$ cat coords.cif   # mmCIF, C-alpha atoms
data_structure
loop_
_atom_site.group_PDB
_atom_site.id
_atom_site.type_symbol
_atom_site.label_atom_id
_atom_site.label_comp_id
_atom_site.auth_asym_id
_atom_site.auth_seq_id
_atom_site.Cartn_x
_atom_site.Cartn_y
_atom_site.Cartn_z
ATOM 1 C CA MET A 1 -80.184 -48.168 -53.310
ATOM 2 C CA LYS A 2 -81.300 -45.296 -51.093
ATOM 3 C CA ARG A 3 -84.906 -44.159 -51.210
ATOM 4 C CA LYS A 4 -86.313 -40.663 -51.243
ATOM 5 C CA VAL A 5 -89.640 -39.873 -49.552
ATOM 6 C CA THR A 6 -91.734 -36.835 -50.437
ATOM 7 C CA ALA A 7 -95.116 -35.915 -48.957
ATOM 8 C CA THR A 8 -97.373 -33.093 -50.075
ATOM 9 C CA LYS A 9 -100.841 -31.771 -49.328
ATOM 10 C CA ARG A 10 -103.490 -31.742 -52.048
ATOM 11 C CA ILE A 11 -107.048 -30.401 -52.011
ATOM 12 C CA TRP A 12 -109.751 -32.059 -54.104
ATOM 13 C CA ARG A 13 -112.925 -30.105 -54.941
ATOM 14 C CA LEU A 14 -116.238 -31.900 -54.387
ATOM 15 C CA ASN A 15 -119.202 -31.956 -56.750
ATOM 16 C CA GLU A 16 -121.527 -30.680 -54.030
ATOM 17 C CA PRO A 17 -121.378 -30.179 -50.264
ATOM 18 C CA PHE A 18 -121.022 -33.588 -48.643
ATOM 19 C CA VAL A 19 -123.280 -33.683 -45.597
ATOM 20 C CA ILE A 20 -123.415 -36.359 -42.888
ATOM 21 C CA SER A 21 -124.672 -36.259 -39.304
ATOM 22 C CA ARG A 22 -121.308 -34.918 -38.046
ATOM 23 C CA GLY A 23 -121.103 -31.968 -40.449
ATOM 24 C CA SER A 24 -120.424 -30.996 -44.058
ATOM 25 C CA ARG A 25 -117.539 -30.173 -46.372
ATOM 26 C CA THR A 26 -116.934 -28.868 -49.888
ATOM 27 C CA THR A 27 -113.376 -30.159 -50.360
ATOM 28 C CA SER A 28 -111.283 -33.151 -49.415
ATOM 29 C CA GLU A 29 -107.770 -32.470 -48.134
ATOM 30 C CA VAL A 30 -105.336 -35.330 -48.598
ATOM 31 C CA VAL A 31 -101.663 -36.135 -48.258
ATOM 32 C CA VAL A 32 -99.892 -37.703 -51.227
ATOM 33 C CA VAL A 33 -96.718 -39.697 -50.531
ATOM 34 C CA GLN A 34 -94.102 -40.685 -53.105
ATOM 35 C CA ILE A 35 -91.267 -43.101 -52.354
ATOM 36 C CA ALA A 36 -88.616 -43.187 -55.056
ATOM 37 C CA GLU A 37 -85.953 -45.880 -55.395
ATOM 38 C CA GLY A 38 -83.815 -45.432 -58.491
ATOM 39 C CA ASP A 39 -86.179 -44.722 -61.371
ATOM 40 C CA ARG A 40 -89.174 -46.409 -59.702
ATOM 41 C CA VAL A 41 -91.719 -44.415 -57.697
ATOM 42 C CA GLY A 42 -94.466 -45.748 -55.442
ATOM 43 C CA ARG A 43 -97.416 -43.556 -54.486
ATOM 44 C CA GLY A 44 -100.071 -43.442 -51.792
ATOM 45 C CA GLU A 45 -102.832 -41.079 -50.707
ATOM 46 C CA ALA A 46 -104.675 -40.660 -47.421
ATOM 47 C CA THR A 47 -107.020 -38.215 -45.711
ATOM 48 C CA GLY A 48 -106.698 -39.390 -42.135
ATOM 49 C CA VAL A 49 -109.558 -39.775 -39.690
ATOM 50 C CA ARG A 50 -111.026 -36.411 -38.765
ATOM 51 C CA TYR A 51 -112.892 -37.658 -35.688
ATOM 52 C CA HIS A 52 -109.591 -39.042 -34.396
ATOM 53 C CA GLY A 53 -108.098 -35.564 -34.621
ATOM 54 C CA GLU A 54 -106.156 -36.208 -37.819
ATOM 55 C CA ASN A 55 -105.658 -33.652 -40.578
ATOM 56 C CA THR A 56 -103.059 -33.015 -43.270
ATOM 57 C CA THR A 57 -100.811 -31.176 -40.816
ATOM 58 C CA THR A 58 -100.689 -34.072 -38.348
ATOM 59 C CA LEU A 59 -100.193 -36.568 -41.173
ATOM 60 C CA LEU A 60 -97.271 -34.639 -42.647
ATOM 61 C CA GLU A 61 -95.680 -34.341 -39.203
ATOM 62 C CA GLN A 62 -95.896 -38.102 -38.644
ATOM 63 C CA ILE A 63 -94.505 -38.867 -42.088
ATOM 64 C CA ASP A 64 -91.613 -36.491 -41.539
ATOM 65 C CA ARG A 65 -90.824 -38.187 -38.240
ATOM 66 C CA VAL A 66 -90.330 -41.610 -39.843
ATOM 67 C CA ARG A 67 -88.854 -40.364 -43.115
ATOM 68 C CA PRO A 68 -85.251 -41.364 -42.199
ATOM 69 C CA ALA A 69 -86.364 -44.914 -41.382
ATOM 70 C CA ILE A 70 -88.323 -45.263 -44.620
ATOM 71 C CA GLU A 71 -85.451 -43.858 -46.655
ATOM 72 C CA SER A 72 -83.096 -46.324 -44.943
ATOM 73 C CA GLY A 73 -85.182 -49.253 -46.181
ATOM 74 C CA VAL A 74 -87.859 -49.971 -43.546
ATOM 75 C CA GLY A 75 -90.567 -52.235 -44.958
ATOM 76 C CA ARG A 76 -94.322 -52.468 -44.551
ATOM 77 C CA ARG A 77 -94.256 -54.831 -41.577
ATOM 78 C CA GLU A 78 -91.736 -52.717 -39.700
ATOM 79 C CA LEU A 79 -93.835 -49.641 -40.409
ATOM 80 C CA LEU A 80 -96.623 -51.112 -38.262
ATOM 81 C CA SER A 81 -94.521 -50.554 -35.163
ATOM 82 C CA LEU A 82 -93.201 -47.136 -36.190
ATOM 83 C CA LEU A 83 -96.540 -45.362 -36.590
ATOM 84 C CA PRO A 84 -99.992 -45.837 -35.073
ATOM 85 C CA ALA A 85 -102.973 -46.796 -37.205
ATOM 86 C CA GLY A 86 -104.119 -43.782 -39.194
ATOM 87 C CA GLY A 87 -103.707 -41.799 -42.360
ATOM 88 C CA ALA A 88 -99.931 -41.264 -42.262
ATOM 89 C CA ARG A 89 -99.242 -44.962 -42.027
ATOM 90 C CA ASN A 90 -101.835 -45.642 -44.723
ATOM 91 C CA ALA A 91 -100.219 -43.281 -47.237
ATOM 92 C CA LEU A 92 -96.734 -44.687 -46.585
ATOM 93 C CA ASP A 93 -97.938 -48.283 -46.655
ATOM 94 C CA ALA A 94 -99.702 -47.751 -50.000
ATOM 95 C CA ALA A 95 -96.586 -46.171 -51.474
ATOM 96 C CA LEU A 96 -94.455 -49.099 -50.255
ATOM 97 C CA TRP A 97 -96.822 -51.643 -51.842
ATOM 98 C CA ASP A 98 -96.762 -49.673 -55.095
ATOM 99 C CA LEU A 99 -92.977 -49.366 -55.022
ATOM 100 C CA GLU A 100 -92.523 -53.094 -54.365
ATOM 101 C CA SER A 101 -94.850 -53.847 -57.254
ATOM 102 C CA LYS A 102 -92.858 -51.642 -59.608
ATOM 103 C CA LEU A 103 -89.499 -53.024 -58.451
ATOM 104 C CA THR A 104 -90.552 -56.679 -58.763
ATOM 105 C CA GLY A 105 -92.840 -56.409 -61.768
ATOM 106 C CA LYS A 106 -95.575 -58.197 -59.817
ATOM 107 C CA PRO A 107 -99.015 -56.619 -59.299
ATOM 108 C CA VAL A 108 -100.008 -55.870 -55.718
ATOM 109 C CA TRP A 109 -102.828 -58.410 -55.730
ATOM 110 C CA GLN A 110 -100.250 -61.105 -56.398
ATOM 111 C CA LEU A 111 -97.892 -59.794 -53.707
ATOM 112 C CA ALA A 112 -100.821 -59.717 -51.274
ATOM 113 C CA GLY A 113 -101.867 -63.287 -52.030
ATOM 114 C CA VAL A 114 -105.395 -62.483 -53.178
ATOM 115 C CA HIS A 115 -106.982 -63.390 -56.486
ATOM 116 C CA ARG A 116 -106.758 -61.017 -59.430
ATOM 117 C CA PRO A 117 -109.086 -58.057 -58.813
ATOM 118 C CA SER A 118 -112.445 -58.419 -60.452
ATOM 119 C CA ALA A 119 -114.634 -55.451 -61.264
ATOM 120 C CA LEU A 120 -116.181 -54.437 -57.955
ATOM 121 C CA VAL A 121 -119.654 -52.934 -57.640
ATOM 122 C CA THR A 122 -119.588 -50.078 -55.162
ATOM 123 C CA ASN A 123 -122.190 -48.217 -53.184
ATOM 124 C CA VAL A 124 -122.792 -44.660 -54.337
ATOM 125 C CA THR A 125 -123.453 -42.300 -51.441
ATOM 126 C CA ILE A 126 -126.357 -39.894 -51.097
ATOM 127 C CA GLY A 127 -125.525 -37.310 -48.440
ATOM 128 C CA ILE A 128 -128.050 -35.696 -46.119
ATOM 129 C CA ARG A 129 -130.473 -33.344 -47.883
ATOM 130 C CA SER A 130 -134.179 -32.514 -48.072
ATOM 131 C CA LEU A 131 -136.699 -35.312 -48.587
ATOM 132 C CA GLU A 132 -137.322 -34.030 -52.098
ATOM 133 C CA GLY A 133 -133.585 -33.950 -52.661
ATOM 134 C CA TYR A 134 -133.193 -37.577 -51.518
ATOM 135 C CA GLU A 135 -135.805 -38.736 -54.018
ATOM 136 C CA GLU A 136 -134.400 -36.618 -56.839
ATOM 137 C CA ARG A 137 -130.845 -37.836 -56.276
ATOM 138 C CA ALA A 138 -131.958 -41.461 -55.984
ATOM 139 C CA ARG A 139 -133.843 -41.173 -59.252
ATOM 140 C CA ALA A 140 -130.706 -39.836 -60.946
ATOM 141 C CA LEU A 141 -128.829 -42.882 -59.588
ATOM 142 C CA SER A 142 -131.550 -45.429 -60.309
ATOM 143 C CA ALA A 143 -129.266 -47.445 -62.624
ATOM 144 C CA TYR A 144 -126.804 -48.067 -59.783
ATOM 145 C CA PRO A 145 -127.137 -51.464 -58.022
ATOM 146 C CA TRP A 146 -126.128 -50.213 -54.549
ATOM 147 C CA LEU A 147 -126.851 -46.902 -52.827
ATOM 148 C CA LYS A 148 -125.696 -45.710 -49.422
ATOM 149 C CA VAL A 149 -128.057 -43.292 -47.701
ATOM 150 C CA LYS A 150 -126.583 -40.919 -45.138
ATOM 151 C CA VAL A 151 -129.152 -39.923 -42.519
ATOM 152 C CA GLY A 152 -129.263 -38.097 -39.209
ATOM 153 C CA ASN A 153 -131.741 -38.150 -36.364
ATOM 154 C CA ASP A 154 -134.290 -36.034 -38.236
ATOM 155 C CA SER A 155 -136.831 -38.135 -40.195
ATOM 156 C CA PRO A 156 -134.478 -40.979 -41.148
ATOM 157 C CA LEU A 157 -137.300 -43.355 -42.090
ATOM 158 C CA GLU A 158 -138.852 -40.730 -44.341
ATOM 159 C CA ALA A 159 -135.471 -40.093 -45.959
ATOM 160 C CA VAL A 160 -135.005 -43.767 -46.806
ATOM 161 C CA ALA A 161 -138.576 -43.966 -48.100
ATOM 162 C CA ALA A 162 -137.821 -41.039 -50.422
ATOM 163 C CA VAL A 163 -134.723 -42.838 -51.737
ATOM 164 C CA ARG A 164 -136.756 -45.990 -52.265
ATOM 165 C CA ARG A 165 -139.317 -44.070 -54.316
ATOM 166 C CA GLY A 166 -136.557 -42.660 -56.494
ATOM 167 C CA SER A 167 -134.692 -45.948 -56.873
ATOM 168 C CA PRO A 168 -137.097 -48.873 -56.427
ATOM 169 C CA ASN A 169 -134.608 -51.633 -57.267
ATOM 170 C CA ALA A 170 -131.333 -50.589 -55.623
ATOM 171 C CA ARG A 171 -129.886 -52.410 -52.656
ATOM 172 C CA LEU A 172 -129.587 -49.970 -49.770
ATOM 173 C CA VAL A 173 -127.088 -49.332 -46.986
ATOM 174 C CA VAL A 174 -128.293 -46.808 -44.403
ATOM 175 C CA ASP A 175 -125.558 -44.973 -42.486
ATOM 176 C CA ALA A 176 -126.472 -42.819 -39.493
ATOM 177 C CA ASN A 177 -122.863 -42.183 -38.380
ATOM 178 C CA GLN A 178 -123.842 -42.847 -34.732
ATOM 179 C CA ALA A 179 -126.723 -40.342 -34.775
ATOM 180 C CA TRP A 180 -129.495 -42.562 -33.340
ATOM 181 C CA SER A 181 -130.317 -43.677 -29.846
ATOM 182 C CA VAL A 182 -130.919 -47.338 -29.115
ATOM 183 C CA GLU A 183 -134.619 -46.513 -28.758
ATOM 184 C CA THR A 184 -134.732 -44.887 -32.196
ATOM 185 C CA LEU A 185 -133.021 -47.893 -33.732
ATOM 186 C CA GLU A 186 -135.525 -50.312 -32.195
ATOM 187 C CA ARG A 187 -138.458 -48.138 -33.263
ATOM 188 C CA ILE A 188 -137.566 -47.657 -36.925
ATOM 189 C CA ALA A 189 -135.764 -50.911 -37.768
ATOM 190 C CA PRO A 190 -138.991 -52.723 -38.794
ATOM 191 C CA GLY A 191 -139.889 -49.854 -41.132
ATOM 192 C CA LEU A 192 -136.419 -49.937 -42.668
ATOM 193 C CA ALA A 193 -136.794 -53.666 -43.231
ATOM 194 C CA GLU A 194 -140.079 -53.011 -45.044
ATOM 195 C CA LEU A 195 -138.179 -50.590 -47.283
ATOM 196 C CA ARG A 196 -135.779 -53.444 -48.111
ATOM 197 C CA VAL A 197 -132.692 -51.970 -46.477
ATOM 198 C CA ASP A 198 -129.847 -54.481 -46.723
ATOM 199 C CA LEU A 199 -127.476 -53.118 -44.072
ATOM 200 C CA LEU A 200 -127.428 -50.602 -41.219
ATOM 201 C CA GLU A 201 -124.053 -48.956 -40.779
ATOM 202 C CA GLN A 202 -123.187 -47.635 -37.313
ATOM 203 C CA PRO A 203 -126.699 -46.563 -36.301
ATOM 204 C CA ILE A 204 -125.801 -45.818 -32.662
ATOM 205 C CA ASN A 205 -122.816 -44.413 -30.805
ATOM 206 C CA GLY A 206 -120.020 -46.889 -30.302
ATOM 207 C CA ASP A 207 -120.072 -46.110 -26.572
ATOM 208 C CA ASP A 208 -123.619 -47.501 -26.398
ATOM 209 C CA ASP A 209 -123.224 -50.499 -28.675
ATOM 210 C CA ALA A 210 -123.261 -53.128 -25.923
ATOM 211 C CA ALA A 211 -127.035 -52.885 -26.300
ATOM 212 C CA LEU A 212 -126.795 -54.366 -29.799
ATOM 213 C CA SER A 213 -126.027 -57.802 -28.376
ATOM 214 C CA GLN A 214 -129.481 -57.797 -26.745
ATOM 215 C CA LEU A 215 -131.479 -56.673 -29.777
ATOM 216 C CA GLN A 216 -133.190 -58.847 -32.351
ATOM 217 C CA LEU A 217 -133.020 -56.622 -35.430
ATOM 218 C CA PRO A 218 -134.420 -57.520 -38.857
ATOM 219 C CA ILE A 219 -131.416 -55.998 -40.655
ATOM 220 C CA PRO A 220 -127.715 -56.788 -40.147
ATOM 221 C CA VAL A 221 -125.629 -54.074 -38.477
ATOM 222 C CA CYS A 222 -122.143 -52.990 -39.520
ATOM 223 C CA ALA A 223 -119.525 -51.440 -37.235
ATOM 224 C CA ASP A 224 -117.675 -48.424 -38.604
ATOM 225 C CA GLU A 225 -116.418 -45.852 -36.088
ATOM 226 C CA PRO A 226 -115.545 -48.448 -33.371
ATOM 227 C CA VAL A 227 -113.399 -50.619 -35.647
ATOM 228 C CA ASN A 228 -109.853 -49.698 -36.598
ATOM 229 C CA THR A 229 -107.499 -52.651 -36.112
ATOM 230 C CA VAL A 230 -107.455 -56.297 -35.053
ATOM 231 C CA ASP A 231 -107.314 -55.172 -31.417
ATOM 232 C CA ASP A 232 -110.894 -53.855 -31.655
ATOM 233 C CA LEU A 233 -112.469 -57.129 -32.740
ATOM 234 C CA PRO A 234 -113.084 -58.859 -29.365
ATOM 235 C CA ARG A 235 -115.576 -56.224 -28.194
ATOM 236 C CA LEU A 236 -117.392 -56.155 -31.542
ATOM 237 C CA VAL A 237 -118.012 -59.834 -32.166
ATOM 238 C CA ASP A 238 -121.298 -60.198 -30.239
ATOM 239 C CA ARG A 239 -122.594 -56.750 -31.194
ATOM 240 C CA TYR A 240 -122.248 -56.486 -34.969
ATOM 241 C CA ASP A 241 -122.744 -58.655 -38.025
ATOM 242 C CA PHE A 242 -120.318 -56.781 -40.300
ATOM 243 C CA ILE A 243 -117.276 -54.578 -39.904
ATOM 244 C CA ASN A 244 -116.341 -51.759 -42.281
ATOM 245 C CA ILE A 245 -112.622 -51.841 -43.072
ATOM 246 C CA LYS A 246 -111.175 -48.455 -44.026
ATOM 247 C CA LEU A 247 -107.501 -48.134 -44.828
ATOM 248 C CA ASP A 248 -107.220 -44.690 -43.243
ATOM 249 C CA LYS A 249 -108.396 -46.240 -39.979
ATOM 250 C CA SER A 250 -106.477 -49.521 -40.116
ATOM 251 C CA GLY A 251 -103.324 -47.674 -41.132
ATOM 252 C CA GLY A 252 -102.916 -49.174 -44.589
ATOM 253 C CA LEU A 253 -103.449 -52.236 -46.730
ATOM 254 C CA THR A 254 -101.024 -54.388 -44.736
ATOM 255 C CA ALA A 255 -102.992 -53.968 -41.506
ATOM 256 C CA ALA A 256 -106.325 -54.077 -43.349
ATOM 257 C CA LEU A 257 -105.559 -57.539 -44.729
ATOM 258 C CA ASP A 258 -104.661 -58.688 -41.208
ATOM 259 C CA LEU A 259 -107.961 -57.254 -39.972
ATOM 260 C CA ALA A 260 -109.977 -58.942 -42.720
ATOM 261 C CA LYS A 261 -108.422 -62.322 -41.953
ATOM 262 C CA ALA A 262 -109.037 -61.999 -38.214
ATOM 263 C CA ALA A 263 -112.616 -60.779 -38.704
ATOM 264 C CA ARG A 264 -113.445 -63.708 -40.936
ATOM 265 C CA ALA A 265 -112.042 -66.085 -38.334
ATOM 266 C CA ALA A 266 -114.376 -64.426 -35.801
ATOM 267 C CA ASP A 267 -117.379 -64.964 -38.129
ATOM 268 C CA LEU A 268 -117.790 -61.273 -38.864
ATOM 269 C CA ARG A 269 -118.832 -60.353 -42.390
ATOM 270 C CA LEU A 270 -116.834 -57.787 -44.328
ATOM 271 C CA MET A 271 -117.442 -54.407 -45.905
ATOM 272 C CA VAL A 272 -114.718 -52.173 -47.311
ATOM 273 C CA GLY A 273 -115.170 -48.417 -47.089
ATOM 274 C CA CYS A 274 -113.315 -45.197 -47.723
ATOM 275 C CA MET A 275 -112.952 -41.565 -46.874
ATOM 276 C CA VAL A 276 -113.636 -38.937 -49.538
ATOM 277 C CA ALA A 277 -110.526 -39.218 -51.690
ATOM 278 C CA SER A 278 -109.297 -39.966 -55.189
ATOM 279 C CA SER A 279 -108.726 -43.092 -57.243
ATOM 280 C CA LEU A 280 -105.202 -43.322 -55.835
ATOM 281 C CA ALA A 281 -106.705 -43.907 -52.382
ATOM 282 C CA MET A 282 -109.315 -46.373 -53.713
ATOM 283 C CA ALA A 283 -106.836 -48.615 -55.566
ATOM 284 C CA PRO A 284 -105.305 -50.346 -52.503
ATOM 285 C CA ALA A 285 -108.743 -50.614 -50.910
ATOM 286 C CA MET A 286 -109.871 -52.582 -53.975
ATOM 287 C CA ILE A 287 -107.473 -55.337 -52.899
ATOM 288 C CA VAL A 288 -109.394 -55.659 -49.625
ATOM 289 C CA GLY A 289 -112.630 -55.368 -51.609
ATOM 290 C CA GLN A 290 -111.968 -58.737 -53.214
ATOM 291 C CA LEU A 291 -112.595 -60.270 -49.768
ATOM 292 C CA CYS A 292 -115.756 -58.295 -48.959
ATOM 293 C CA GLU A 293 -119.490 -58.740 -49.472
ATOM 294 C CA VAL A 294 -120.221 -55.013 -49.499
ATOM 295 C CA VAL A 295 -118.067 -52.383 -51.209
ATOM 296 C CA ASP A 296 -118.202 -48.628 -50.558
ATOM 297 C CA LEU A 297 -115.370 -47.087 -52.567
ATOM 298 C CA ASP A 298 -117.131 -44.201 -54.252
ATOM 299 C CA GLY A 299 -114.878 -41.378 -53.035
ATOM 300 C CA PRO A 300 -113.906 -40.245 -56.555
ATOM 301 C CA LEU A 301 -117.567 -40.005 -57.572
ATOM 302 C CA LEU A 302 -118.047 -37.342 -54.895
ATOM 303 C CA GLN A 303 -115.171 -35.287 -56.305
ATOM 304 C CA ALA A 304 -115.138 -32.812 -59.179
ATOM 305 C CA GLU A 305 -111.669 -33.999 -60.248
ATOM 306 C CA ASP A 306 -109.350 -37.000 -60.089
ATOM 307 C CA TRP A 307 -105.897 -38.211 -61.140
ATOM 308 C CA PRO A 308 -105.013 -39.042 -64.749
ATOM 309 C CA ASP A 309 -105.537 -42.766 -65.428
ATOM 310 C CA ALA A 310 -108.241 -42.773 -62.753
ATOM 311 C CA ILE A 311 -110.416 -45.764 -61.937
ATOM 312 C CA GLU A 312 -113.418 -45.882 -64.257
ATOM 313 C CA TYR A 313 -116.893 -46.023 -62.699
ATOM 314 C CA ARG A 314 -119.785 -47.196 -64.852
ATOM 315 C CA ASN A 315 -123.099 -47.410 -63.001
ATOM 316 C CA GLY A 316 -121.176 -48.267 -59.849
ATOM 317 C CA ARG A 317 -118.905 -50.871 -61.426
ATOM 318 C CA MET A 318 -115.216 -50.097 -60.830
ATOM 319 C CA SER A 319 -112.545 -50.959 -63.361
ATOM 320 C CA GLU A 320 -109.285 -52.583 -62.274
ATOM 321 C CA PRO A 321 -106.778 -49.775 -61.517
ATOM 322 C CA SER A 322 -104.447 -48.862 -64.341
ATOM 323 C CA PRO A 323 -100.800 -49.819 -63.692
ATOM 324 C CA ARG A 324 -100.033 -46.174 -64.371
ATOM 325 C CA LEU A 325 -102.157 -45.218 -61.365
ATOM 326 C CA TRP A 326 -101.058 -47.744 -58.720
ATOM 327 C CA GLY A 327 -100.132 -51.297 -58.063
ATOM 328 C CA SER A 328 -98.101 -52.630 -60.972
#
$ encode --input "coords.cif" --output "structure tokens"
Amino acid sequence: MKRKVTATKRIWRLNEPFVISRGSRTTSEVVVVQIAEGDRVGRGEATGVRYHGENTTTLLEQIDRVRPAIESGVGRRELLSLLPAGGARNALDAALWDLESKLTGKPVWQLAGVHRPSALVTNVTIGIRSLEGYEERARALSAYPWLKVKVGNDSPLEAVAAVRRGSPNARLVVDANQAWSVETLERIAPGLAELRVDLLEQPINGDDDAALSQLQLPIPVCADEPVNTVDDLPRLVDRYDFINIKLDKSGGLTAALDLAKAARAADLRLMVGCMVASSLAMAPAMIVGQLCEVVDLDGPLLQAEDWPDAIEYRNGRMSEPSPRLWGS
């Protein structure tokens, strides 16, 4: 039976400006893909990778280019060779997983060969703000087990200290989005360890990360911007302790599962992350999350709105996605 592919742009409003070291935004623009076969419809959502030059226009152009192949029956594995890693492939891949699940009656976790999704506990992100704002926001989130603290090059140690005052018991991930120099990292790492930071995410520019192999840091370091697909792993192995797997970067769940398997074989520990997007984008990432030590899938918590039948978040604990949303 012939398929029909549709792709549309959607804009999600955010609760507040989301500020990181690269800039800020007040909305999240995504592409939503639907693949219909008979009376079954699979869905996927992606934002793309802005620092790779992706946006909704480029995603829609890529999807349109491979539409005839998808409508003719191309599967997830074949899609890997039709499109590069990125948001367009992610949205199509997610829709194909969802469609297969609906056609077979099997949930995606079963099709993917992972155990049934358990309730994941996600980081909740605190974007860059004033020191008083860090403490105030952390206090409001003090019931959450994990917090991610976005920082820049301006007073990062003081920012984390403010979060620690507001939330004395949370486990902390500190994410500089490449804003620090190697010298800054060496200087403040002991202070961050004293503040009981659990993980440093991409503290320095990926172009300078060869230096990480020579440092003895008191906190494990996670690669984000330099890791996209399996091909990136060889240069990361001696530099990082963790990798952050994001489906928009890997180009979908299919490639993300390949990446997770290869990273584990290389003795790299796993984190799953996301762009700012809705529950529809988080649902496939939750499959990867079953394999990860650290989970950062809080995109919907940053938004002012979400899909019907959205994932429920209770003090950072994520419910299993509803079959009406995705995956069954």
$ resolve_selection --input "coords.cif" --expression "the PyMOL selection byres ((chain A and resi 232) around 12)" --output "PyMOL selection string"
chain A and resi 85+206+223-231+233-237+243+245+249-250+259+262-263+266
$ write_last_selection --input "coords.cif" --atoms "C-alpha atoms" --output "PDB file, in the coordinates of the input"
ATOM      1  CA  ALA A  85    -102.973 -46.796 -37.205  1.00  0.00           C
ATOM      2  CA  GLY A 206    -120.020 -46.889 -30.302  1.00  0.00           C
ATOM      3  CA  ALA A 223    -119.525 -51.440 -37.235  1.00  0.00           C
ATOM      4  CA  ASP A 224    -117.675 -48.424 -38.604  1.00  0.00           C
ATOM      5  CA  GLU A 225    -116.418 -45.852 -36.088  1.00  0.00           C
ATOM      6  CA  PRO A 226    -115.545 -48.448 -33.371  1.00  0.00           C
ATOM      7  CA  VAL A 227    -113.399 -50.619 -35.647  1.00  0.00           C
ATOM      8  CA  ASN A 228    -109.853 -49.698 -36.598  1.00  0.00           C
ATOM      9  CA  THR A 229    -107.499 -52.651 -36.112  1.00  0.00           C
ATOM     10  CA  VAL A 230    -107.455 -56.297 -35.053  1.00  0.00           C
ATOM     11  CA  ASP A 231    -107.314 -55.172 -31.417  1.00  0.00           C
ATOM     12  CA  LEU A 233    -112.469 -57.129 -32.740  1.00  0.00           C
ATOM     13  CA  PRO A 234    -113.084 -58.859 -29.365  1.00  0.00           C
ATOM     14  CA  ARG A 235    -115.576 -56.224 -28.194  1.00  0.00           C
ATOM     15  CA  LEU A 236    -117.392 -56.155 -31.542  1.00  0.00           C
ATOM     16  CA  VAL A 237    -118.012 -59.834 -32.166  1.00  0.00           C
ATOM     17  CA  ILE A 243    -117.276 -54.578 -39.904  1.00  0.00           C
ATOM     18  CA  ILE A 245    -112.622 -51.841 -43.072  1.00  0.00           C
ATOM     19  CA  LYS A 249    -108.396 -46.240 -39.979  1.00  0.00           C
ATOM     20  CA  SER A 250    -106.477 -49.521 -40.116  1.00  0.00           C
ATOM     21  CA  LEU A 259    -107.961 -57.254 -39.972  1.00  0.00           C
ATOM     22  CA  ALA A 262    -109.037 -61.999 -38.214  1.00  0.00           C
ATOM     23  CA  ALA A 263    -112.616 -60.779 -38.704  1.00  0.00           C
ATOM     24  CA  ALA A 266    -114.376 -64.426 -35.801  1.00  0.00           C
TER      25      ALA A 266
END
$ residues_around --input "coords.cif" --residues "region 132-134 of chain A" --least-positions-apart "4" --cutoff "9 Å" --atoms "only C-alpha atoms" --output "number ranges by chain"
A: 126-128, 138-139, 149, 159-160, 162-163, 166
$ write_last_selection --input "coords.cif" --atoms "C-alpha atoms" --output "short mmCIF file (atom, residue, chain, number, x, y, z; two decimals), keeping the file's coordinate frame"
data_model
loop_
_atom_site.label_atom_id
_atom_site.label_comp_id
_atom_site.auth_asym_id
_atom_site.auth_seq_id
_atom_site.Cartn_x
_atom_site.Cartn_y
_atom_site.Cartn_z
CA ILE A 126 -126.36 -39.89 -51.10
CA GLY A 127 -125.52 -37.31 -48.44
CA ILE A 128 -128.05 -35.70 -46.12
CA ALA A 138 -131.96 -41.46 -55.98
CA ARG A 139 -133.84 -41.17 -59.25
CA VAL A 149 -128.06 -43.29 -47.70
CA ALA A 159 -135.47 -40.09 -45.96
CA VAL A 160 -135.00 -43.77 -46.81
CA ALA A 162 -137.82 -41.04 -50.42
CA VAL A 163 -134.72 -42.84 -51.74
CA GLY A 166 -136.56 -42.66 -56.49
#
$ resolve_selection --input "coords.cif" --expression "the PyMOL selection byres ((chain A and resi 65-82) around 12)" --output "ChimeraX atom specification"
/A:1-7,33-37,58-64,83-86,88-100,112,229,250-256,258
$ residues_near_point --input "coords.cif" --point "(-122.0, -34.2, -42.0)" --cutoff "12 Å" --atoms "only C-alpha atoms" --output "VMD selection string"
chain A and resid 17 to 26 50 to 51 126 to 129 150 to 153 175 to 179
$ residues_around --input "coords.cif" --residues "Ser142 (chain A)" --least-positions-apart "4" --cutoff "12 Å" --atoms "all atoms listed in the file" --output "list in words"
Val124, Ile126, Tyr134, Glu135, Glu136, Arg137, Ala138, Trp146, Leu147, Val163, Arg164, Arg165, Gly166, Ser167, Pro168, Asn169, Ala170, Arg171, Leu172, Asn315 and Gly316 of chain A
$ write_last_selection --input "coords.cif" --atoms "C-alpha atoms" --output "compact mmCIF listing (two decimals), in the coordinates of the input"
# COMPACT_ATOMS: atom_id res chain seq x y z
CA VAL A 124 -122.79 -44.66 -54.34
CA ILE A 126 -126.36 -39.89 -51.10
CA TYR A 134 -133.19 -37.58 -51.52
CA GLU A 135 -135.80 -38.74 -54.02
CA GLU A 136 -134.40 -36.62 -56.84
CA ARG A 137 -130.84 -37.84 -56.28
CA ALA A 138 -131.96 -41.46 -55.98
CA TRP A 146 -126.13 -50.21 -54.55
CA LEU A 147 -126.85 -46.90 -52.83
CA VAL A 163 -134.72 -42.84 -51.74
CA ARG A 164 -136.76 -45.99 -52.26
CA ARG A 165 -139.32 -44.07 -54.32
CA GLY A 166 -136.56 -42.66 -56.49
CA SER A 167 -134.69 -45.95 -56.87
CA PRO A 168 -137.10 -48.87 -56.43
CA ASN A 169 -134.61 -51.63 -57.27
CA ALA A 170 -131.33 -50.59 -55.62
CA ARG A 171 -129.89 -52.41 -52.66
CA LEU A 172 -129.59 -49.97 -49.77
CA ASN A 315 -123.10 -47.41 -63.00
CA GLY A 316 -121.18 -48.27 -59.85
$ closest_residue --input "coords.cif" --among "A:Lys9, A:Arg187, A:Arg317, A:Arg269" --to "Pro220 (chain A)" --atoms "only C-alpha atoms"
A:Arg269
